[in-house]
Amino acid sequence: MRTWAMAFFTLRETMRSKTMITGLVVSFLYLAIVPVLSSSSGGSAVVGDMERQTAAGRDFLSFALGGLNFIGMSMAIFTTLGAIYTEVEQGTILAIVTKPIHRWQIVFGKWIGHALLMGGYVLIMGLVLWATVSLGSGSIIWRFLPAIALITMNVITMVSLTLFFSTFLPVIANAIFVFLLFICTSNLRVINAIGQTSDNIFVVVFAKGLRMLLPVSEVSDLANLVLMGKSRAAEQTGTETGTFAPRSWSFGYELAYIAGMVLLAALVFRRKDLR
Amino acid sequence: MPAAIEIEGLTKVYGYGSDEVEAVKDLDLTVGHGEVFGFLGPNGAGKTTTVQMLMQIIFPTSGNGVLLGKPLGDISARERIGYLPELFQFHTFLRADEFLDFHARLYGIPAGRRRQRVAEVLEIVGLSENAKSRIRTFSKGMLQRIGIGQAIINEPGLLFLDEPTSALDPMGRRDVRDLILKLREKGTTVFLNSHLLSEVEMTCTQIGILNKGQLVRVGDIQSLAQPTHCVDIRVEGLPMETMADIRDLATKVDGDEKEMTVTVENEAQVEKVARMIMESGAQLREFTPRSQQLEEIFLQSIEESD
């Protein structure tokens, strides 16, 4: 009951935040302009016979999914940055930690609140896109459902990572750290290529290690692979082969990663002096 | 029955090496059930640090404590403990009733009872009319009241109040005092951190004085008050010669031969003044040795321990 009280409180608090409201405005703008962006970036228009329409619809969804992944993860970071640190800094945590609630329940409750909100947001946005495309193309693209589930998991991963850092890092430091990690893991191939070109084994190993440090990039590729199929994904992005091809077990690793981050956050917060 | 609060060797050290600061040093303290305990000390004495250690907001470097018979941090004990932090900060987007409802949920109060209790507490802290107002619209005094509200929502057996009247006007202070006295009647143990001596004097049954992290005095105000060798006297028919003798003996005499305050150097001289009046044949109406006021006890304790 106490964990849920914390979760619903966090949900309400975050929904009212300016960051969330700004994110929602950006999302609606994105929904409105994504068809334009999709066609101008080479995506097919949703016209023609059924097979072509399905392929075009899938291309469109793939493009939209990429955008949703980015917006969702960014919003997850921004809304969770001060989840714990700001409460400690402002002193609002004092009346909470002194109630009959374990500290891990506070962390877990906050995580549930943020994860429900951001996960729910991405899921709803994805389903709206899916329903729109399905209605427009006249065929239901079932592969989109596991893909959007993976993207939702990505967003929850960012919530978990940011929440963990918020147990000890101030908001700005947390933002810099998480975004830096996010940008690095989104450009693993570039880092790897730099390592190979310069014949620097450390950079190559670093790129491979980073992949495990934050699995969202690999799971994004996996989502695209699930949606598009191997050959189309290869044509589109070239991510299905080579060193950084998505591994099927990466989503399992990501689940364990989420659990690990929440556990670490609870451990750090458990004996922390809140002054 | 175990004491409401038992502290043994509680110590808090901040920093390392040359930056090390001992905020609280080897604190031993026992507060009985139903006591209203005033915890006094100058700024930086370690009062808030002590309370924060008891509430496990910060963790002791060494030592331990027991609250309501359970070790520090025990969740079941916290169900019967209320706490108002110093300079309480709020989630201002909530309405007053929502705020209290949230804290009642954290106490695990069942839904049916919760609604009733929220209404009761709003009444107690005088915010019934503001139940639906957002906390961000509250004045300082109203914020302090709602803060007290969340601390008593669970009908605590032990209540920690850290500077509860710091933001209140005289009427608000009186209300808090009345509330503490009501809680005392109900048998609630109150641990009151305050630097307002008058407030402590009016409400507390026991006091502890902390200076530089160390407890320098503890006990009830009467037992801590030392005789001042100062006596209020009302007398009729006191001969001029006796009055002159008293003036010779005393270090200070204020007033006239009918009503005076005499200060002497020791207890024997107090007795001698009484004897002189009696032997003069005058009629003694009042002879009241003055005790130290709390402020004097406080200042003396701090000066002695510095």
# chains A, B, ... in the order shown; residues from 1 in each chain; ligands from 1
call {"tool": "interface_residues", "arguments": {"of": "chain A", "to": "chain B", "cutoff": "7 Å", "atoms": "only C-alpha atoms", "output": "list in words"}}
result
Arg2, Ala5, Gln90, Gly91, Thr92, Leu94, Val97, Thr98, Lys99, Pro100, Ile101, Asp273 and Leu274 of chain A
call {"tool": "select_by_dssp", "arguments": {"residues": "segment 83-162 of chain A", "states": "helix (DSSP H, G or I)", "output": "ChimeraX atom specification"}}
result
/A:85-90,94-97,103-137,144-162
call {"tool": "residues_around", "arguments": {"residues": "Val204 of chain A", "least_positions_apart": "2", "cutoff": "10 Å", "atoms": "only C-alpha atoms", "output": "list in words"}}
result
Leu188, Arg189, Ile191, Asn192, Ala193, Ile194, Gly195, Gln196, Thr197, Ser198, Asp199, Asn200, Ile201, Phe202, Phe206, Ala207, Lys208, Gly209 and Leu210 of chain A
call {"tool": "residues_around", "arguments": {"residues": "segment 30-37 of chain B", "least_positions_apart": "5", "cutoff": "8 Å", "atoms": "only C-alpha atoms", "output": "count of residues only"}}
result
19
call {"tool": "residues_around", "arguments": {"residues": "Thr50 of chain B", "least_positions_apart": "4", "cutoff": "9 Å", "atoms": "only C-alpha atoms", "output": "ChimeraX atom specification"}}
result
/B:10-12,23-24,27,46,54-55,60,213
call {"tool": "write_last_selection", "arguments": {"atoms": "N, CA and C atoms", "output": "PDB file, in the first residue's frame"}}
result
ATOM      1  N   LEU B  10      25.118   8.094  21.623  1.00  0.00           N
ATOM      2  CA  LEU B  10      24.850   8.535  20.250  1.00  0.00           C
ATOM      3  C   LEU B  10      25.879   9.586  19.818  1.00  0.00           C
ATOM      4  N   THR B  11      26.518   9.319  18.709  1.00  0.00           N
ATOM      5  CA  THR B  11      27.581  10.209  18.215  1.00  0.00           C
ATOM      6  C   THR B  11      27.429  10.387  16.718  1.00  0.00           C
ATOM      7  N   LYS B  12      27.634  11.624  16.278  1.00  0.00           N
ATOM      8  CA  LYS B  12      27.641  11.871  14.830  1.00  0.00           C
ATOM      9  C   LYS B  12      28.863  12.702  14.474  1.00  0.00           C
ATOM     10  N   ALA B  23      29.410  16.550  15.611  1.00  0.00           N
ATOM     11  CA  ALA B  23      28.170  17.319  15.792  1.00  0.00           C
ATOM     12  C   ALA B  23      27.445  16.912  17.070  1.00  0.00           C
ATOM     13  N   VAL B  24      27.479  15.631  17.390  1.00  0.00           N
ATOM     14  CA  VAL B  24      26.890  15.129  18.637  1.00  0.00           C
ATOM     15  C   VAL B  24      27.888  14.148  19.247  1.00  0.00           C
ATOM     16  N   LEU B  27      26.037  10.922  23.334  1.00  0.00           N
ATOM     17  CA  LEU B  27      24.825  11.404  24.000  1.00  0.00           C
ATOM     18  C   LEU B  27      24.044  10.261  24.643  1.00  0.00           C
ATOM     19  N   GLY B  46      23.588  20.885  18.037  1.00  0.00           N
ATOM     20  CA  GLY B  46      23.402  19.474  17.655  1.00  0.00           C
ATOM     21  C   GLY B  46      21.998  18.958  17.932  1.00  0.00           C
ATOM     22  N   LEU B  54      17.617  10.180  15.435  1.00  0.00           N
ATOM     23  CA  LEU B  54      16.537   9.359  16.009  1.00  0.00           C
ATOM     24  C   LEU B  54      15.513   8.976  14.950  1.00  0.00           C
ATOM     25  N   MET B  55      15.299   9.882  13.995  1.00  0.00           N
ATOM     26  CA  MET B  55      14.333   9.600  12.928  1.00  0.00           C
ATOM     27  C   MET B  55      14.998   8.899  11.742  1.00  0.00           C
ATOM     28  N   PRO B  60      23.720   7.498  12.813  1.00  0.00           N
ATOM     29  CA  PRO B  60      24.753   7.773  13.821  1.00  0.00           C
ATOM     30  C   PRO B  60      26.093   7.160  13.423  1.00  0.00           C
ATOM     31  N   GLY B 213      27.270  19.727  21.073  1.00  0.00           N
ATOM     32  CA  GLY B 213      27.055  18.293  20.871  1.00  0.00           C
ATOM     33  C   GLY B 213      27.006  17.472  22.133  1.00  0.00           C
TER      34      GLY B 213
END
call {"tool": "closest_atom_pairs", "arguments": {"of": "segment 70-188 of chain A", "to": "segment 217-227 of chain A", "cutoff": "8 Å", "atoms": "only C-alpha atoms", "output": "tab-separated table"}}
result
residue	atom	partner	partner_atom	distance
A:Arg143	CA	A:Leu227	CA	5.0
A:Phe144	CA	A:Leu227	CA	5.5
A:Pro146	CA	A:Val226	CA	7.3
A:Ala147	CA	A:Ala223	CA	4.4
A:Ile148	CA	A:Ala223	CA	7.2
A:Leu150	CA	A:Ala223	CA	5.9
A:Ile151	CA	A:Ser220	CA	6.5
A:Asn154	CA	A:Val219	CA	7.1
A:Thr185	CA	A:Ser217	CA	6.1
A:Ser186	CA	A:Ser217	CA	5.5
call {"tool": "residues_around", "arguments": {"residues": "Gly82 of chain A", "least_positions_apart": "2", "cutoff": "8 Å", "atoms": "only C-alpha atoms", "output": "PyMOL selection string"}}
result
chain A and resi 79-80+84-87+163+166+170-171
call {"tool": "write_last_selection", "arguments": {"atoms": "C-alpha atoms", "output": "mmCIF file, in the first residue's frame"}}
result
data_model
loop_
_atom_site.group_PDB
_atom_site.id
_atom_site.type_symbol
_atom_site.label_atom_id
_atom_site.label_comp_id
_atom_site.auth_asym_id
_atom_site.auth_seq_id
_atom_site.Cartn_x
_atom_site.Cartn_y
_atom_site.Cartn_z
ATOM 1 C CA THR A 79 11.274 13.854 -15.856
ATOM 2 C CA THR A 80 13.353 11.516 -13.659
ATOM 3 C CA ILE A 84 15.309 11.697 -5.469
ATOM 4 C CA TYR A 85 18.114 14.265 -5.380
ATOM 5 C CA THR A 86 15.765 17.255 -5.694
ATOM 6 C CA GLU A 87 13.499 15.903 -2.952
ATOM 7 C CA LEU A 163 16.630 7.283 -11.050
ATOM 8 C CA SER A 166 19.425 10.745 -8.921
ATOM 9 C CA PRO A 170 22.593 16.654 -8.660
ATOM 10 C CA VAL A 171 20.218 17.297 -11.564
#
call {"tool": "select_by_dssp", "arguments": {"residues": "segment 132-306 of chain B", "states": "strand (DSSP E)", "output": "PyMOL selection string"}}
result
chain B and resi 158-162+189-193+206-211+214-219+227-236+252-255+259-263+283-291
call {"tool": "write_last_selection", "arguments": {"atoms": "N, CA and C atoms", "output": "tab-separated table (two decimals), in the first residue's frame"}}
result
chain	number	residue	atom	x	y	z
B	158	LEU	N	4.45	9.12	20.27
B	158	LEU	CA	5.68	9.89	20.44
B	158	LEU	C	5.76	10.90	19.30
B	159	LEU	N	5.91	12.16	19.68
B	159	LEU	CA	5.90	13.22	18.66
B	159	LEU	C	7.17	14.05	18.76
B	160	PHE	N	7.89	14.16	17.64
B	160	PHE	CA	9.08	15.02	17.58
B	160	PHE	C	8.70	16.31	16.88
B	161	LEU	N	8.91	17.43	17.55
B	161	LEU	CA	8.62	18.73	16.94
B	161	LEU	C	9.90	19.54	16.92
B	162	ASP	N	10.39	19.83	15.73
B	162	ASP	CA	11.64	20.58	15.61
B	162	ASP	C	11.30	22.03	15.28
B	189	THR	N	3.99	11.35	24.35
B	189	THR	CA	5.32	11.86	24.68
B	189	THR	C	5.71	12.86	23.58
B	190	VAL	N	6.14	14.04	24.00
B	190	VAL	CA	6.52	15.06	23.01
B	190	VAL	C	7.98	15.43	23.23
B	191	PHE	N	8.74	15.40	22.16
B	191	PHE	CA	10.14	15.81	22.19
B	191	PHE	C	10.20	17.13	21.43
B	192	LEU	N	10.39	18.20	22.17
B	192	LEU	CA	10.28	19.53	21.57
B	192	LEU	C	11.66	20.19	21.45
B	193	ASN	N	12.07	20.36	20.22
B	193	ASN	CA	13.32	21.07	19.94
B	193	ASN	C	12.97	22.54	19.79
B	206	GLN	N	10.15	18.16	31.39
B	206	GLN	CA	11.58	17.88	31.53
B	206	GLN	C	12.34	18.69	30.48
B	207	ILE	N	13.58	19.03	30.80
B	207	ILE	CA	14.38	19.67	29.76
B	207	ILE	C	15.78	19.05	29.70
B	208	GLY	N	16.38	19.19	28.54
B	208	GLY	CA	17.77	18.80	28.36
B	208	GLY	C	18.45	19.95	27.65
B	209	ILE	N	19.66	20.27	28.09
B	209	ILE	CA	20.38	21.38	27.45
B	209	ILE	C	21.62	20.82	26.76
B	210	LEU	N	21.71	21.10	25.50
B	210	LEU	CA	22.79	20.57	24.68
B	210	LEU	C	23.72	21.73	24.29
B	211	ASN	N	25.00	21.51	24.43
B	211	ASN	CA	25.95	22.53	23.97
B	211	ASN	C	27.14	21.84	23.30
B	214	GLN	N	27.13	18.12	23.29
B	214	GLN	CA	27.11	17.36	24.55
B	214	GLN	C	25.96	17.80	25.44
B	215	LEU	N	25.37	16.83	26.09
B	215	LEU	CA	24.27	17.14	27.00
B	215	LEU	C	24.87	17.68	28.30
B	216	VAL	N	24.55	18.93	28.62
B	216	VAL	CA	25.18	19.52	29.80
B	216	VAL	C	24.25	19.55	31.01
B	217	ARG	N	22.95	19.52	30.79
B	217	ARG	CA	21.99	19.47	31.90
B	217	ARG	C	20.78	18.66	31.45
B	218	VAL	N	20.19	17.94	32.37
B	218	VAL	CA	18.93	17.26	32.07
B	218	VAL	C	18.15	17.08	33.36
B	219	GLY	N	16.85	17.25	33.28
B	219	GLY	CA	16.01	17.09	34.46
B	219	GLY	C	14.79	17.98	34.37
B	227	PRO	N	19.07	27.95	43.76
B	227	PRO	CA	18.64	29.14	44.49
B	227	PRO	C	19.49	30.34	44.08
B	228	THR	N	18.84	31.49	44.01
B	228	THR	CA	19.56	32.69	43.54
B	228	THR	C	20.04	33.55	44.71
B	229	HIS	N	19.62	33.17	45.98
B	229	HIS	CA	19.92	33.99	47.17
B	229	HIS	C	19.31	35.38	47.03
B	230	CYS	N	18.14	35.34	46.41
B	230	CYS	CA	17.41	36.57	46.18
B	230	CYS	C	16.00	36.34	46.74
B	231	VAL	N	15.53	37.25	47.64
B	231	VAL	CA	14.27	36.99	48.34
B	231	VAL	C	13.32	38.18	48.17
B	232	ASP	N	12.06	37.83	47.85
B	232	ASP	CA	11.02	38.86	47.82
B	232	ASP	C	10.39	38.93	49.22
B	233	ILE	N	10.36	40.14	49.78
B	233	ILE	CA	9.88	40.28	51.17
B	233	ILE	C	8.77	41.33	51.23
B	234	ARG	N	7.68	40.99	51.96
B	234	ARG	CA	6.63	41.96	52.30
B	234	ARG	C	6.50	41.95	53.82
B	235	VAL	N	6.61	43.12	54.39
B	235	VAL	CA	6.66	43.16	55.85
B	235	VAL	C	5.96	44.44	56.35
B	236	GLU	N	5.42	44.33	57.56
B	236	GLU	CA	4.79	45.53	58.16
B	236	GLU	C	5.47	45.88	59.47
B	252	LYS	N	22.49	43.74	47.66
B	252	LYS	CA	21.60	44.63	46.91
B	252	LYS	C	20.21	44.61	47.55
B	253	VAL	N	19.62	45.79	47.70
B	253	VAL	CA	18.24	45.86	48.19
B	253	VAL	C	17.45	46.78	47.27
B	254	ASP	N	16.38	46.24	46.71
B	254	ASP	CA	15.48	47.07	45.89
B	254	ASP	C	14.17	47.23	46.65
B	255	GLY	N	13.58	48.42	46.64
B	255	GLY	CA	12.30	48.63	47.31
B	255	GLY	C	12.46	49.39	48.61
B	259	GLU	N	8.10	46.66	51.19
B	259	GLU	CA	8.16	45.68	50.10
B	259	GLU	C	9.53	45.78	49.45
B	260	MET	N	10.29	44.71	49.51
B	260	MET	CA	11.66	44.80	48.99
B	260	MET	C	12.13	43.46	48.41
B	261	THR	N	13.14	43.57	47.58
B	261	THR	CA	13.80	42.36	47.08
B	261	THR	C	15.25	42.45	47.54
B	262	VAL	N	15.65	41.45	48.32
B	262	VAL	CA	16.98	41.48	48.94
B	262	VAL	C	17.86	40.40	48.32
B	263	THR	N	19.05	40.79	47.90
B	263	THR	CA	20.00	39.82	47.37
B	263	THR	C	21.17	39.71	48.33
B	283	GLN	N	5.84	42.38	61.36
B	283	GLN	CA	4.98	41.28	60.90
B	283	GLN	C	5.37	40.90	59.47
B	284	LEU	N	5.86	39.68	59.35
B	284	LEU	CA	6.32	39.21	58.03
B	284	LEU	C	5.13	38.67	57.23
B	285	ARG	N	4.84	39.27	56.09
B	285	ARG	CA	3.71	38.85	55.26
B	285	ARG	C	4.14	37.90	54.14
B	286	GLU	N	5.33	38.12	53.64
B	286	GLU	CA	5.81	37.26	52.55
B	286	GLU	C	7.33	37.17	52.62
B	287	PHE	N	7.83	35.95	52.37
B	287	PHE	CA	9.28	35.76	52.34
B	287	PHE	C	9.53	34.65	51.29
B	288	THR	N	9.73	35.06	50.04
B	288	THR	CA	9.80	34.08	48.95
B	288	THR	C	11.19	34.08	48.30
B	289	PRO	N	11.97	33.04	48.59
B	289	PRO	CA	13.26	32.96	47.88
B	289	PRO	C	13.01	32.72	46.40
B	290	ARG	N	13.68	33.46	45.55
B	290	ARG	CA	13.48	33.31	44.11
B	290	ARG	C	14.32	32.15	43.58
B	291	SER	N	13.73	31.41	42.58
B	291	SER	CA	14.50	30.38	41.88
B	291	SER	C	14.96	30.95	40.56
call {"tool": "residues_around", "arguments": {"residues": "Phe138 of chain B", "least_positions_apart": "3", "cutoff": "12 Å", "atoms": "only C-alpha atoms", "output": "list in words"}}
result
Phe90, His91, Thr92, Phe93, Leu94, Arg95, Ala96, Leu127, Asn130, Ala131, Lys132, Ser133, Arg134, Ile135, Gly141, Met142, Leu143, Gln144, Arg145, Ile146 and Gly147 of chain B
call {"tool": "atom_distance", "arguments": {"atom1": "atom CA of Leu294 of chain B", "atom2": "atom CA of Ala274 of chain B"}}
result
26.4 Å
call {"tool": "closest_residue", "arguments": {"among": "B:Gly112, B:Gly149, B:Gly65, B:Gly172", "to": "Ile124 of chain B", "atoms": "only C-alpha atoms"}}
result
B:Gly149
